[in-house]
Amino acid sequence: MHHQDISEKYRKFLLEVRLSGKVYYTVHGADTSDASYDDKWLTDTDDNILLFSSPDDLYAEILRMDETFDKTQMQTWAVARLGSNEPYAMVDLDLLEKPGLHPDTDLLATIYLTLQLLKDYAIQADDQQLLMLFEGNVIERFIDFIADYAVWGKKIPEKLTIDTKTLFPVLKALYARLLEKIKIS
């Protein structure tokens, strides 16, 4: 079975995470163990996002873990993915620290996906600092703005008009808070 089919079947997705110029891996997916099907990140018992240097290290840890969301599905997914290193999606946290907006659909799509997945984490961890950043008008407007181009295919203008003096400090605050909530294994 192809890696994307495995991910869709178990609703667990290998993420490549770029942080501080390095590449790490984790898993994000639906918690099918209850009726909510909330999207979650792999975290430790302190709600820190767990990042690994290779997919195989991630899969091995999932198989060892006693506490993980949707444990049976997660472990079945990990076994099915053993030896498969191709990520389902890429999250670039470095874009938050050193934001730069260029009229490029791929870049805007990466920023959009990164922010949407991080919002899932903020909700999962019930992290009030992160939730306040996401619920502020600046991030909400920015997500809506880039969705026009990254999701809905609207033609990108030569120059993006967005209030970077307000946006960039919020993105940097989001990045700083996330650094406190990441555990690299």
# chains A, B, ... in the order shown; residues from 1 in each chain; ligands from 1

call {"tool": "residues_around", "arguments": {"residues": "A:Lys12", "least_positions_apart": "2", "cutoff": "12 Å", "atoms": "only C-alpha atoms", "output": "PyMOL selection string"}}
result
chain A and resi 3-10+14-15+26-32+37-42+59+62+69-78+80-81+87-89

call {"tool": "write_last_selection", "arguments": {"atoms": "N, CA and C atoms", "output": "compact mmCIF listing (two decimals), in the first residue's frame"}}
result
# COMPACT_ATOMS: atom_id res chain seq x y z
N HIS A 3 2.29 5.02 0.71
CA HIS A 3 2.34 5.75 1.98
C HIS A 3 1.16 6.71 2.15
N GLN A 4 0.70 7.34 1.06
CA GLN A 4 -0.44 8.26 1.19
C GLN A 4 -1.72 7.49 1.49
N ASP A 5 -1.85 6.31 0.90
CA ASP A 5 -3.02 5.48 1.18
C ASP A 5 -3.02 5.02 2.64
N ILE A 6 -1.85 4.67 3.15
CA ILE A 6 -1.72 4.27 4.55
C ILE A 6 -2.12 5.43 5.45
N SER A 7 -1.62 6.61 5.13
CA SER A 7 -1.95 7.79 5.93
C SER A 7 -3.45 8.07 5.91
N GLU A 8 -4.05 8.00 4.76
CA GLU A 8 -5.49 8.25 4.65
C GLU A 8 -6.29 7.18 5.41
N LYS A 9 -5.87 5.93 5.30
CA LYS A 9 -6.58 4.83 5.97
C LYS A 9 -6.59 5.02 7.49
N TYR A 10 -5.44 5.35 8.06
CA TYR A 10 -5.32 5.47 9.51
C TYR A 10 -5.51 6.90 10.01
N LEU A 14 2.65 11.71 8.34
CA LEU A 14 4.04 12.03 8.64
C LEU A 14 4.31 13.47 8.21
N LEU A 15 4.76 14.27 9.16
CA LEU A 15 5.11 15.66 8.86
C LEU A 15 6.62 15.83 8.89
N THR A 26 7.50 14.27 12.71
CA THR A 26 6.50 13.97 13.72
C THR A 26 5.25 13.48 13.01
N VAL A 27 4.22 13.24 13.79
CA VAL A 27 2.96 12.78 13.21
C VAL A 27 1.83 13.69 13.67
N HIS A 28 0.89 13.90 12.78
CA HIS A 28 -0.31 14.69 13.03
C HIS A 28 -1.47 13.87 12.48
N GLY A 29 -2.58 13.88 13.17
CA GLY A 29 -3.71 13.14 12.63
C GLY A 29 -4.94 13.23 13.49
N ALA A 30 -5.97 12.55 13.03
CA ALA A 30 -7.25 12.54 13.73
C ALA A 30 -7.22 11.55 14.88
N ASP A 31 -7.78 11.96 15.99
CA ASP A 31 -7.93 11.07 17.13
C ASP A 31 -9.25 10.33 16.95
N THR A 32 -9.16 9.12 16.40
CA THR A 32 -10.37 8.34 16.11
C THR A 32 -10.84 7.54 17.31
N TYR A 37 -12.91 13.17 16.78
CA TYR A 37 -11.97 13.11 15.65
C TYR A 37 -11.10 14.37 15.58
N ASP A 38 -10.78 14.95 16.74
CA ASP A 38 -9.93 16.14 16.77
C ASP A 38 -8.58 15.84 16.14
N ASP A 39 -8.04 16.83 15.42
CA ASP A 39 -6.71 16.70 14.85
C ASP A 39 -5.68 17.01 15.91
N LYS A 40 -4.66 16.15 16.01
CA LYS A 40 -3.67 16.28 17.08
C LYS A 40 -2.27 16.03 16.55
N TRP A 41 -1.31 16.54 17.31
CA TRP A 41 0.11 16.29 17.10
C TRP A 41 0.56 15.23 18.09
N LEU A 42 1.66 14.56 17.79
CA LEU A 42 2.26 13.65 18.74
C LEU A 42 2.94 14.49 19.82
N TYR A 59 8.78 6.29 14.25
CA TYR A 59 7.98 5.07 14.27
C TYR A 59 8.35 4.18 15.47
N ILE A 62 6.87 5.64 18.65
CA ILE A 62 5.42 5.42 18.71
C ILE A 62 5.13 4.00 19.21
N PHE A 69 -2.16 9.70 21.66
CA PHE A 69 -3.55 9.74 21.22
C PHE A 69 -3.79 8.61 20.23
N ASP A 70 -4.98 8.04 20.29
CA ASP A 70 -5.40 7.02 19.33
C ASP A 70 -4.35 5.92 19.20
N LYS A 71 -3.94 5.35 20.34
CA LYS A 71 -2.79 4.47 20.42
C LYS A 71 -2.81 3.30 19.42
N THR A 72 -3.91 2.58 19.34
CA THR A 72 -3.96 1.41 18.46
C THR A 72 -3.79 1.81 17.00
N GLN A 73 -4.54 2.81 16.56
CA GLN A 73 -4.43 3.28 15.17
C GLN A 73 -3.04 3.85 14.90
N MET A 74 -2.51 4.60 15.88
CA MET A 74 -1.19 5.20 15.72
C MET A 74 -0.12 4.13 15.55
N GLN A 75 -0.16 3.11 16.38
CA GLN A 75 0.85 2.06 16.29
C GLN A 75 0.70 1.23 15.01
N THR A 76 -0.52 0.98 14.60
CA THR A 76 -0.75 0.25 13.35
C THR A 76 -0.21 1.07 12.17
N TRP A 77 -0.46 2.38 12.21
CA TRP A 77 0.07 3.27 11.18
C TRP A 77 1.60 3.22 11.16
N ALA A 78 2.22 3.28 12.33
CA ALA A 78 3.69 3.29 12.42
C ALA A 78 4.26 2.00 11.84
N ALA A 80 2.87 0.05 9.58
CA ALA A 80 2.63 0.08 8.13
C ALA A 80 3.59 1.03 7.42
N ARG A 81 4.06 2.06 8.12
CA ARG A 81 4.95 3.06 7.52
C ARG A 81 6.43 2.74 7.70
N PRO A 87 7.43 12.25 3.54
CA PRO A 87 6.41 12.92 4.36
C PRO A 87 5.14 13.20 3.58
N TYR A 88 4.07 13.31 4.29
CA TYR A 88 2.79 13.67 3.71
C TYR A 88 2.73 15.17 3.45
N ALA A 89 3.35 15.91 4.39
CA ALA A 89 3.35 17.38 4.28
C ALA A 89 4.56 17.93 5.01

call {"tool": "select_by_dssp", "arguments": {"residues": "stretch 27-132 of chain A", "states": "strand (DSSP E)", "output": "list in words"}}
result
Val27, His28, Gly29, Ala30, Asp39, Lys40, Trp41, Ile49, Leu50, Leu51, Ala89, Met90, Val91 and Asp92 of chain A

call {"tool": "select_by_dssp", "arguments": {"residues": "stretch 57-108 of chain A", "states": "helix (DSSP H, G or I)", "output": "list in words"}}
result
Asp57, Leu58, Tyr59, Ala60, Glu61, Ile62, Leu63, Arg64, Lys71, Thr72, Gln73, Met74, Gln75, Thr76, Trp77, Ala78, Val79, Ala80, Arg81, Asp94, Leu95, Leu96, Glu97, Thr105, Asp106, Leu107 and Leu108 of chain A

call {"tool": "write_last_selection", "arguments": {"atoms": "N, CA, C and O atoms", "output": "tab-separated table (two decimals), in the first residue's frame"}}
result
chain	number	residue	atom	x	y	z
A	57	ASP	N	13.06	6.71	13.61
A	57	ASP	CA	13.12	6.99	15.05
A	57	ASP	C	11.72	7.33	15.58
A	57	ASP	O	11.34	6.91	16.67
A	58	LEU	N	10.96	8.08	14.79
A	58	LEU	CA	9.58	8.41	15.16
A	58	LEU	C	8.74	7.15	15.27
A	58	LEU	O	8.06	6.94	16.27
A	59	TYR	N	8.78	6.29	14.25
A	59	TYR	CA	7.98	5.07	14.27
A	59	TYR	C	8.35	4.18	15.47
A	59	TYR	O	7.46	3.64	16.14
A	60	ALA	N	9.64	4.05	15.73
A	60	ALA	CA	10.09	3.22	16.87
A	60	ALA	C	9.56	3.78	18.19
A	60	ALA	O	9.12	3.02	19.06
A	61	GLU	N	9.60	5.09	18.34
A	61	GLU	CA	9.11	5.70	19.59
A	61	GLU	C	7.61	5.51	19.74
A	61	GLU	O	7.12	5.25	20.84
A	62	ILE	N	6.87	5.64	18.65
A	62	ILE	CA	5.42	5.42	18.71
A	62	ILE	C	5.13	4.00	19.21
A	62	ILE	O	4.22	3.79	20.02
A	63	LEU	N	5.90	3.03	18.76
A	63	LEU	CA	5.69	1.65	19.17
A	63	LEU	C	6.05	1.42	20.63
A	63	LEU	O	5.52	0.50	21.27
A	64	ARG	N	6.92	2.26	21.18
A	64	ARG	CA	7.32	2.15	22.59
A	64	ARG	C	6.40	2.93	23.54
A	64	ARG	O	6.33	2.63	24.72
A	71	LYS	N	-3.94	5.35	20.34
A	71	LYS	CA	-2.79	4.47	20.42
A	71	LYS	C	-2.81	3.30	19.42
A	71	LYS	O	-1.84	3.07	18.71
A	72	THR	N	-3.91	2.58	19.34
A	72	THR	CA	-3.96	1.41	18.46
A	72	THR	C	-3.79	1.81	17.00
A	72	THR	O	-2.97	1.23	16.28
A	73	GLN	N	-4.54	2.81	16.56
A	73	GLN	CA	-4.43	3.28	15.17
A	73	GLN	C	-3.04	3.85	14.90
A	73	GLN	O	-2.47	3.64	13.84
A	74	MET	N	-2.51	4.60	15.88
A	74	MET	CA	-1.19	5.20	15.72
A	74	MET	C	-0.12	4.13	15.55
A	74	MET	O	0.74	4.23	14.66
A	75	GLN	N	-0.16	3.11	16.38
A	75	GLN	CA	0.85	2.06	16.29
A	75	GLN	C	0.70	1.23	15.01
A	75	GLN	O	1.70	0.86	14.40
A	76	THR	N	-0.52	0.98	14.60
A	76	THR	CA	-0.75	0.25	13.35
A	76	THR	C	-0.21	1.07	12.17
A	76	THR	O	0.43	0.52	11.25
A	77	TRP	N	-0.46	2.38	12.21
A	77	TRP	CA	0.07	3.27	11.18
A	77	TRP	C	1.60	3.22	11.16
A	77	TRP	O	2.21	3.12	10.09
A	78	ALA	N	2.22	3.28	12.33
A	78	ALA	CA	3.69	3.29	12.42
A	78	ALA	C	4.26	2.00	11.84
A	78	ALA	O	5.26	2.04	11.10
A	79	VAL	N	3.66	0.86	12.14
A	79	VAL	CA	4.14	-0.42	11.59
A	79	VAL	C	4.00	-0.42	10.07
A	79	VAL	O	4.92	-0.82	9.35
A	80	ALA	N	2.87	0.05	9.58
A	80	ALA	CA	2.63	0.08	8.13
A	80	ALA	C	3.59	1.03	7.42
A	80	ALA	O	3.92	0.82	6.25
A	81	ARG	N	4.06	2.06	8.12
A	81	ARG	CA	4.95	3.06	7.52
A	81	ARG	C	6.43	2.74	7.70
A	81	ARG	O	7.27	3.43	7.14
A	94	ASP	N	10.50	27.84	10.57
A	94	ASP	CA	11.45	28.93	10.35
A	94	ASP	C	10.79	30.11	9.63
A	94	ASP	O	11.23	31.25	9.79
A	95	LEU	N	9.74	29.84	8.87
A	95	LEU	CA	9.03	30.94	8.19
A	95	LEU	C	8.40	31.90	9.19
A	95	LEU	O	8.17	33.06	8.88
A	96	LEU	N	8.13	31.41	10.40
A	96	LEU	CA	7.53	32.27	11.42
A	96	LEU	C	8.57	33.20	12.04
A	96	LEU	O	8.26	34.33	12.40
A	97	GLU	N	9.78	32.70	12.18
A	97	GLU	CA	10.83	33.50	12.80
A	97	GLU	C	11.39	34.54	11.84
A	97	GLU	O	11.70	35.66	12.23
A	105	THR	N	2.99	31.02	-4.85
A	105	THR	CA	1.92	30.15	-4.39
A	105	THR	C	2.42	29.07	-3.45
A	105	THR	O	1.80	28.77	-2.44
A	106	ASP	N	3.57	28.45	-3.76
A	106	ASP	CA	4.09	27.38	-2.91
A	106	ASP	C	4.44	27.90	-1.52
A	106	ASP	O	4.15	27.24	-0.52
A	107	LEU	N	5.08	29.06	-1.44
A	107	LEU	CA	5.43	29.64	-0.14
A	107	LEU	C	4.16	29.95	0.65
A	107	LEU	O	4.06	29.63	1.83
A	108	LEU	N	3.19	30.57	0.01
A	108	LEU	CA	1.95	30.90	0.71
A	108	LEU	C	1.22	29.64	1.16
A	108	LEU	O	0.66	29.60	2.25

call {"tool": "residues_around", "arguments": {"residues": "A:Lys183", "least_positions_apart": "5", "cutoff": "6 Å", "atoms": "only C-alpha atoms", "output": "list in words"}}
result
Asn48, Ile49 and Leu50 of chain A

call {"tool": "write_last_selection", "arguments": {"atoms": "C-alpha atoms", "output": "PDB file, in the first residue's frame"}}
result
ATOM      1  CA  ASN A  48       5.297  19.210  24.210  1.00  0.00           C
ATOM      2  CA  ILE A  49       5.422  18.488  20.473  1.00  0.00           C
ATOM      3  CA  LEU A  50       7.761  15.548  19.892  1.00  0.00           C
TER       4      LEU A  50
END

call {"tool": "closest_residue", "arguments": {"among": "A:Ser36, A:Ser53, A:Thr43, A:Ser185", "to": "A:Glu16", "atoms": "only C-alpha atoms"}}
result
A:Ser53
